[in-house]
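Asks: Following this line is query.txt, made up of compact mmCIF, C-alpha atoms:
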# COMPACT_ATOMS: atom_id res chain seq x y z
CA MET A 1 151.98 93.70 59.65
CA ASP A 2 151.42 97.43 59.33
CA ARG A 3 153.49 97.37 56.14
CA ILE A 4 151.51 94.40 54.84
CA PHE A 5 148.18 96.11 55.56
CA ARG A 6 149.33 99.37 53.91
CA GLY A 7 150.50 97.40 50.91
CA ILE A 8 147.09 95.77 50.59
CA MET A 9 145.44 99.17 50.68
CA LYS A 10 147.73 100.40 47.90
CA TYR A 11 146.90 97.28 45.89
CA ARG A 12 143.18 98.01 46.31
CA ARG A 13 143.71 101.51 44.91
CA THR A 14 146.05 100.61 42.04
CA ASN A 15 146.36 97.02 40.81
CA ARG A 16 143.23 95.29 42.08
CA ALA A 17 140.92 96.03 39.16
CA LYS A 18 143.46 94.92 36.56
CA MET A 19 144.29 91.74 38.48
CA VAL A 20 140.60 90.82 38.88
CA GLU A 21 140.19 91.28 35.14
CA GLN A 22 143.08 88.89 34.56
CA PHE A 23 141.67 86.41 37.08
CA VAL A 24 138.43 86.36 35.13
CA GLN A 25 140.29 85.75 31.86
CA VAL A 26 142.08 82.66 33.18
CA LYS A 27 139.36 81.42 35.53
CA ASN A 28 137.86 78.74 33.32
CA ASN A 29 140.87 77.97 31.14
CA PRO A 30 144.15 78.47 32.99
CA GLU A 31 147.12 77.40 30.87
CA PRO A 32 150.31 77.72 32.93
CA LYS A 33 153.38 77.20 30.77
CA ALA A 34 156.01 76.43 33.40
CA LEU A 35 156.57 75.01 36.85
CA PHE A 36 159.15 77.16 38.61
CA PHE A 37 161.09 75.93 41.66
CA THR A 38 163.08 78.54 43.53
CA CYS A 39 164.31 79.54 46.96
CA MET A 40 162.14 81.14 49.65
CA ASP A 41 164.70 83.96 50.00
CA SER A 42 162.81 87.24 50.26
CA ARG A 43 165.00 88.78 47.54
CA MET A 44 163.83 86.26 44.94
CA LEU A 45 160.85 87.61 42.99
CA PRO A 46 160.53 85.30 39.97
CA ALA A 47 157.31 86.75 38.58
CA ARG A 48 159.00 90.15 38.50
CA PHE A 49 162.34 89.22 36.94
CA THR A 50 160.71 86.96 34.35
CA GLU A 51 157.93 89.46 33.61
CA THR A 52 155.35 86.68 33.87
CA ASN A 53 151.74 87.31 34.71
CA ILE A 54 148.69 85.77 36.35
CA GLY A 55 148.20 82.21 35.17
CA ASP A 56 151.64 81.88 33.52
CA MET A 57 153.54 79.76 36.06
CA PHE A 58 153.20 77.54 39.08
CA ILE A 59 155.81 78.67 41.63
CA VAL A 60 157.15 76.46 44.42
CA ARG A 61 159.54 77.91 46.99
CA ASN A 62 161.53 76.35 49.81
CA ALA A 63 164.85 76.70 51.59
CA GLY A 64 167.53 76.06 48.97
CA ASN A 65 165.25 75.41 45.95
CA LEU A 66 165.43 71.67 46.62
CA ILE A 67 163.43 68.90 44.97
CA PRO A 68 163.97 65.71 46.98
CA HIS A 69 165.19 62.71 44.97
CA SER A 70 162.54 60.01 44.66
CA GLN A 71 164.81 57.53 46.47
CA HIS A 72 164.01 59.29 49.75
CA PHE A 73 160.42 58.05 49.63
CA LEU A 74 159.97 54.34 50.32
CA ASP A 75 156.20 54.14 49.90
CA GLU A 76 154.59 57.54 49.30
CA TYR A 77 155.82 60.90 47.99
CA THR A 78 155.12 62.91 51.12
CA THR A 79 156.50 66.41 50.46
CA CYS A 80 155.04 69.26 48.45
CA GLU A 81 157.69 69.18 45.70
CA PRO A 82 156.71 65.85 44.05
CA ALA A 83 153.07 66.80 44.57
CA ALA A 84 153.76 70.02 42.67
CA LEU A 85 155.44 68.03 39.89
CA GLU A 86 152.32 65.87 39.57
CA LEU A 87 149.94 68.82 39.71
CA GLY A 88 151.91 70.77 37.13
CA CYS A 89 153.19 68.13 34.76
CA VAL A 90 150.51 65.45 34.96
CA HIS A 91 147.27 67.27 35.70
CA ASN A 92 148.09 70.53 33.91
CA ASP A 93 150.30 69.22 31.09
CA ILE A 94 153.07 71.74 31.74
CA ARG A 95 156.05 71.10 29.43
CA HIS A 96 158.79 73.12 31.12
CA VAL A 97 160.13 72.71 34.66
CA ILE A 98 162.60 75.37 35.79
CA VAL A 99 164.89 75.29 38.82
CA CYS A 100 166.27 78.68 39.82
CA GLY A 101 169.07 79.10 42.34
CA HIS A 102 170.73 82.33 43.39
CA SER A 103 173.82 83.96 44.85
CA ASP A 104 174.28 84.51 48.59
CA CYS A 105 171.81 81.73 49.36
CA LYS A 106 171.60 81.33 53.13
CA ALA A 107 170.63 77.68 52.78
CA MET A 108 173.68 77.03 50.59
CA ASN A 109 175.91 78.92 53.03
CA LEU A 110 174.68 76.57 55.76
CA LEU A 111 175.07 73.52 53.52
CA HIS A 112 178.71 74.46 52.99
CA LEU A 113 179.21 74.46 56.77
CA LEU A 114 177.66 71.01 57.01
CA ARG A 115 180.91 69.56 55.68
CA ASP A 116 181.84 69.52 59.38
CA THR A 117 180.63 66.18 60.75
CA GLU A 118 179.98 67.54 64.24
CA PHE A 119 177.97 70.44 62.86
CA ALA A 120 175.96 67.94 60.80
CA SER A 121 175.60 65.38 63.60
CA ILE A 122 172.28 63.70 64.36
CA ASP A 123 171.98 65.58 67.65
CA ASN A 124 172.45 68.93 65.95
CA ARG A 125 170.07 67.97 63.15
CA ARG A 126 167.38 67.13 65.70
CA MET A 127 167.64 70.68 67.02
CA SER A 128 167.48 72.28 63.56
CA PRO A 129 164.83 71.43 60.98
CA LEU A 130 166.85 73.41 58.42
CA ARG A 131 170.00 71.34 59.00
CA SER A 132 167.93 68.17 58.81
CA TRP A 133 166.28 69.30 55.55
CA LEU A 134 169.65 70.07 53.98
CA CYS A 135 171.39 66.92 55.26
CA THR A 136 168.53 64.79 53.95
CA HIS A 137 167.90 66.40 50.58
CA ALA A 138 170.99 68.46 49.66
CA ILE A 139 173.85 66.20 50.68
CA SER A 140 174.15 64.96 47.08
CA SER A 141 174.76 68.56 46.01
CA LEU A 142 177.46 68.92 48.66
CA GLU A 143 179.13 65.69 47.54
CA LYS A 144 179.13 66.90 43.92
CA TYR A 145 180.62 70.21 45.03
CA GLN A 146 183.36 68.39 46.96
CA GLN A 147 184.23 66.48 43.78
CA LEU A 148 184.59 69.81 42.02
CA GLU A 149 186.69 71.27 44.85
CA ALA A 150 189.00 68.24 44.96
CA ALA A 151 189.64 68.58 41.22
CA GLY A 152 190.59 72.23 41.55
CA PHE A 153 187.33 73.61 40.12
CA ASP A 154 188.48 73.16 36.53
CA THR A 155 187.03 69.78 35.59
CA PRO A 156 183.41 69.25 34.55
CA LEU A 157 180.74 67.60 36.66
CA ILE A 158 178.37 65.03 35.18
CA PHE A 159 174.66 65.01 35.98
CA GLN A 160 171.98 62.69 34.72
CA ALA A 161 169.58 64.51 32.40
CA GLU A 162 165.97 63.70 31.54
CA THR A 163 166.64 60.01 30.85
CA PRO A 164 169.30 57.56 32.11
CA LEU A 165 171.09 57.67 28.76
CA ARG A 166 171.35 61.46 28.64
CA ARG A 167 174.03 63.37 30.52
CA ILE A 168 174.61 66.98 31.42
CA ILE A 169 178.26 68.05 31.35
CA ALA A 170 178.78 71.15 33.46
CA TYR A 171 181.73 73.46 34.02
CA ILE A 172 181.01 75.46 37.16
CA ASP A 173 182.06 79.12 37.07
CA PRO A 174 185.05 78.59 34.75
CA GLU A 175 185.80 82.34 34.86
CA ASP A 176 186.03 82.11 38.69
CA LYS A 177 183.71 85.07 39.21
CA PHE A 178 181.80 83.75 42.20
CA SER A 179 182.43 82.67 45.78
CA VAL A 180 182.73 79.03 46.80
CA THR A 181 179.20 79.05 48.23
CA ASP A 182 177.86 80.52 44.99
CA LYS A 183 179.61 77.73 43.12
CA LEU A 184 177.88 75.29 45.48
CA SER A 185 174.58 77.01 44.72
CA GLN A 186 175.09 76.45 40.99
CA VAL A 187 175.97 72.79 41.57
CA ASN A 188 172.88 72.42 43.73
CA THR A 189 170.66 73.95 41.04
CA LEU A 190 171.88 71.39 38.50
CA GLN A 191 171.50 68.54 40.98
CA GLN A 192 167.79 69.35 41.25
CA MET A 193 167.39 68.69 37.52
CA GLN A 194 168.69 65.18 38.13
CA ASN A 195 166.37 64.77 41.12
CA ILE A 196 163.32 65.80 39.10
CA ALA A 197 164.13 63.20 36.46
CA SER A 198 164.10 60.47 39.12
CA TYR A 199 160.30 60.41 39.43
CA GLY A 200 158.68 57.48 37.65
CA PHE A 201 155.41 59.28 36.99
CA LEU A 202 157.33 61.71 34.74
CA ARG A 203 159.32 59.07 32.87
CA LYS A 204 157.11 58.64 29.81
CA ARG A 205 156.93 62.36 29.11
CA LEU A 206 160.67 62.80 29.66
CA GLU A 207 161.52 59.90 27.34
CA ALA A 208 159.13 61.27 24.71
CA HIS A 209 160.81 64.72 24.93
CA ASP A 210 157.44 66.13 25.92
CA LEU A 211 158.70 67.48 29.25
CA HIS A 212 161.84 69.58 29.65
CA ILE A 213 163.94 70.59 32.64
CA HIS A 214 165.89 73.85 32.77
CA ALA A 215 168.19 75.63 35.23
CA LEU A 216 168.42 79.36 35.93
CA TRP A 217 170.65 81.15 38.40
CA PHE A 218 170.09 84.68 39.70
CA ASP A 219 172.92 86.93 40.85
CA ILE A 220 171.31 88.94 43.63
CA TYR A 221 173.88 91.74 43.62
CA THR A 222 174.05 92.49 39.89
CA GLY A 223 170.53 91.50 38.85
CA ASP A 224 172.00 89.26 36.12
CA ILE A 225 170.20 86.02 35.32
CA TYR A 226 172.05 82.99 33.98
CA TYR A 227 170.74 80.03 32.01
CA PHE A 228 172.47 76.67 32.02
CA SER A 229 173.40 76.14 28.39
CA ARG A 230 173.89 72.48 27.49
CA GLN A 231 175.63 73.65 24.35
CA SER A 232 178.13 75.82 26.23
CA LYS A 233 178.20 73.39 29.20
CA LYS A 234 177.96 76.23 31.72
CA PHE A 235 175.69 78.94 33.08
CA VAL A 236 175.63 81.83 30.62
CA GLU A 237 174.24 85.29 31.26
CA ILE A 238 170.98 86.02 29.48
CA ASN A 239 171.44 89.37 27.76
CA GLU A 240 170.69 91.31 24.61
CA GLU A 241 173.61 89.77 22.75
CA ASN A 242 172.77 86.11 23.21
CA VAL A 243 169.05 85.77 23.96
CA ASP A 244 168.22 84.78 20.38
CA LYS A 245 170.96 82.14 20.42
CA LEU A 246 169.59 80.74 23.66
CA VAL A 247 166.10 80.54 22.16
CA GLU A 248 167.59 78.62 19.24
CA GLU A 249 169.40 76.31 21.64
CA VAL A 250 166.22 75.56 23.55
CA SER A 251 164.51 74.73 20.26
CA LYS A 252 167.38 72.41 19.35
CA TYR A 253 167.76 70.58 22.65
CA TYR A 254 164.20 70.52 23.90
CA CYS A 255 161.72 70.66 21.04
Spit out the file's structure as structure tokens when you get a sec.
Replies:
Amino acid sequence: MDRIFRGIMKYRRTNRAKMVEQFVQVKNNPEPKALFFTCMDSRMLPARFTETNIGDMFIVRNAGNLIPHSQHFLDEYTTCEPAALELGCVHNDIRHVIVCGHSDCKAMNLLHLLRDTEFASIDNRRMSPLRSWLCTHAISSLEKYQQLEAAGFDTPLIFQAETPLRRIIAYIDPEDKFSVTDKLSQVNTLQQMQNIASYGFLRKRLEAHDLHIHALWFDIYTGDIYYFSRQSKKFVEINEENVDKLVEEVSKYYC
């Protein structure tokens, strides 16, 4: 807490006046452009690595950057993630939803261990809210990963896209640069795109191509950020050489 308090004092001396000025500018007419789902990992700082500012994005964080599939709710949508989708995409007319996973994700490391049936047993889940959260809402990601593993990591996975007739074909780490748990993290990030598309209150906008779902993946140890390219069918690094091509691709596939 001492560090938090000292940080607040530094903020008061340095950034406060500028931030208050920005708060005033967006107070009566906030126009966030994106809804950004990411992990609660303390190393993930999306506003910093996207250079976004006050009023630019809604950010939702949880363990494993999960968005529960709508099938888990029999009567009401009772977690914050679908509520955030409604707030952002219905009430604020946001057009872009982004899911951002990352390397060395502790939630994904644990999910990988949950392949063991004893480790994932009901008794053990009752003792661990994190295990229960992952077994309930990330098991589809684990099953997809196991399909990939069984095929030797060289065949594509298929995910549903924004509508039932659209598909995402994905080769996961074809250069074999990342660990098995990082591969699982990339699979999980793509699975969340499918989960988002499952919500009925988003259907009309998705079918009208008025709402778009994207996937990013952050490599903690290199600082590189990857975008899932539907054209390339894989996560590609965003860099000086290809950023213009990626902008063109987004215009082609999403606009």
Asks: Report the distance between atom CA of Ala107 of chain A and atom CA of Gly64 of chain A in Å, rounded to one decimal place.
Replies: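 Those two atoms sit 5.2 Å apart.
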Asks: For Leu165 of chain A, work out the shell of residues within 12 Å, counting all atoms listed in the file and skipping chain neighbours fewer than 5 positions away, then give it as an MDAnalysis selection string.
Replies: chainID A and resid 159:160 197 206:207
Asks: Identify the residues around (168.9, 84.7, 24.9) within a radius of 12 Å, measuring from all atoms listed in the file in the coordinates stated by the file, and give them as a PyMOL selection string.
Replies: chain A and resi 225-229+236-251
Asks: Using all atoms listed in the file, which residue out of A:Leu134, A:Val99, A:Ala161, A:Ala17 lies closest to Leu113 of chain A?
Replies: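 Of A:Leu134, A:Val99, A:Ala161, A:Ala17, the one nearest Leu113 of chain A is A:Leu134, counting all atoms listed in the file.
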Asks: Give me the residues near segment 35-40 of chain A as a ChimeraX atom specification, where near means some atom within 9 Å (using all atoms listed in the file) and where sequence neighbours in that chain fewer than 5 positions away do not count.
Replies: /A:46,57-67,81,84-85,88-89,94-102,105,107
Asks: If you count only C-alpha atoms, which residues fall within 9 Å of segment 176-178 of chain A, apart from same-chain ones fewer than 4 positions away, as a PDB file with C-alpha atoms, in the coordinates of the input?
Replies:
ATOM      1  CA  SER A 103     173.820  83.960  44.850  1.00  0.00           C
ATOM      2  CA  PHE A 153     187.330  73.610  40.120  1.00  0.00           C
ATOM      3  CA  ILE A 172     181.010  75.460  37.160  1.00  0.00           C
ATOM      4  CA  ASP A 182     177.860  80.520  44.990  1.00  0.00           C
ATOM      5  CA  LYS A 183     179.610  77.730  43.120  1.00  0.00           C
TER       6      LYS A 183
END
Asks: A:Leu184, A:Glu31, A:Phe73, A:Tyr253: which is nearest His91 of chain A, counting all atoms listed in the file?
Replies: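 Looking at the shortest contact to His91 of chain A, the residue is A:Glu31.
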Asks: A:Met127, A:Val187, A:Cys135, A:Ile54: which is nearest Gln22 of chain A, counting only C-alpha atoms?
Replies: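 Once distances to Gln22 of chain A are computed over only C-alpha atoms, the minimum belongs to A:Ile54.
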Asks: Just give me the gap between atom CA of Lys233 of chain A and atom CA of His72 of chain A in Å, one decimal is fine.
Replies: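 Between atom CA of Lys233 of chain A and atom CA of His72 of chain A the gap works out to 28.7 Å.
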Asks: Quick check, in Å to one decimal: how far apart do atom CA of Lys106 of chain A and atom CA of Ala120 of chain A lie?
Replies: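 Here the two named atoms are 16.0 Å from each other.
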Asks: Quick one: residues within 9 Å of Ile139 of chain A, all atoms listed in the file counted, chain neighbours fewer than 5 positions away excluded, as a list of chain:residue names?
Replies: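 Near Ile139 of chain A, the qualifying residues are A:Leu111, A:Leu114, A:Leu134, A:Lys144.
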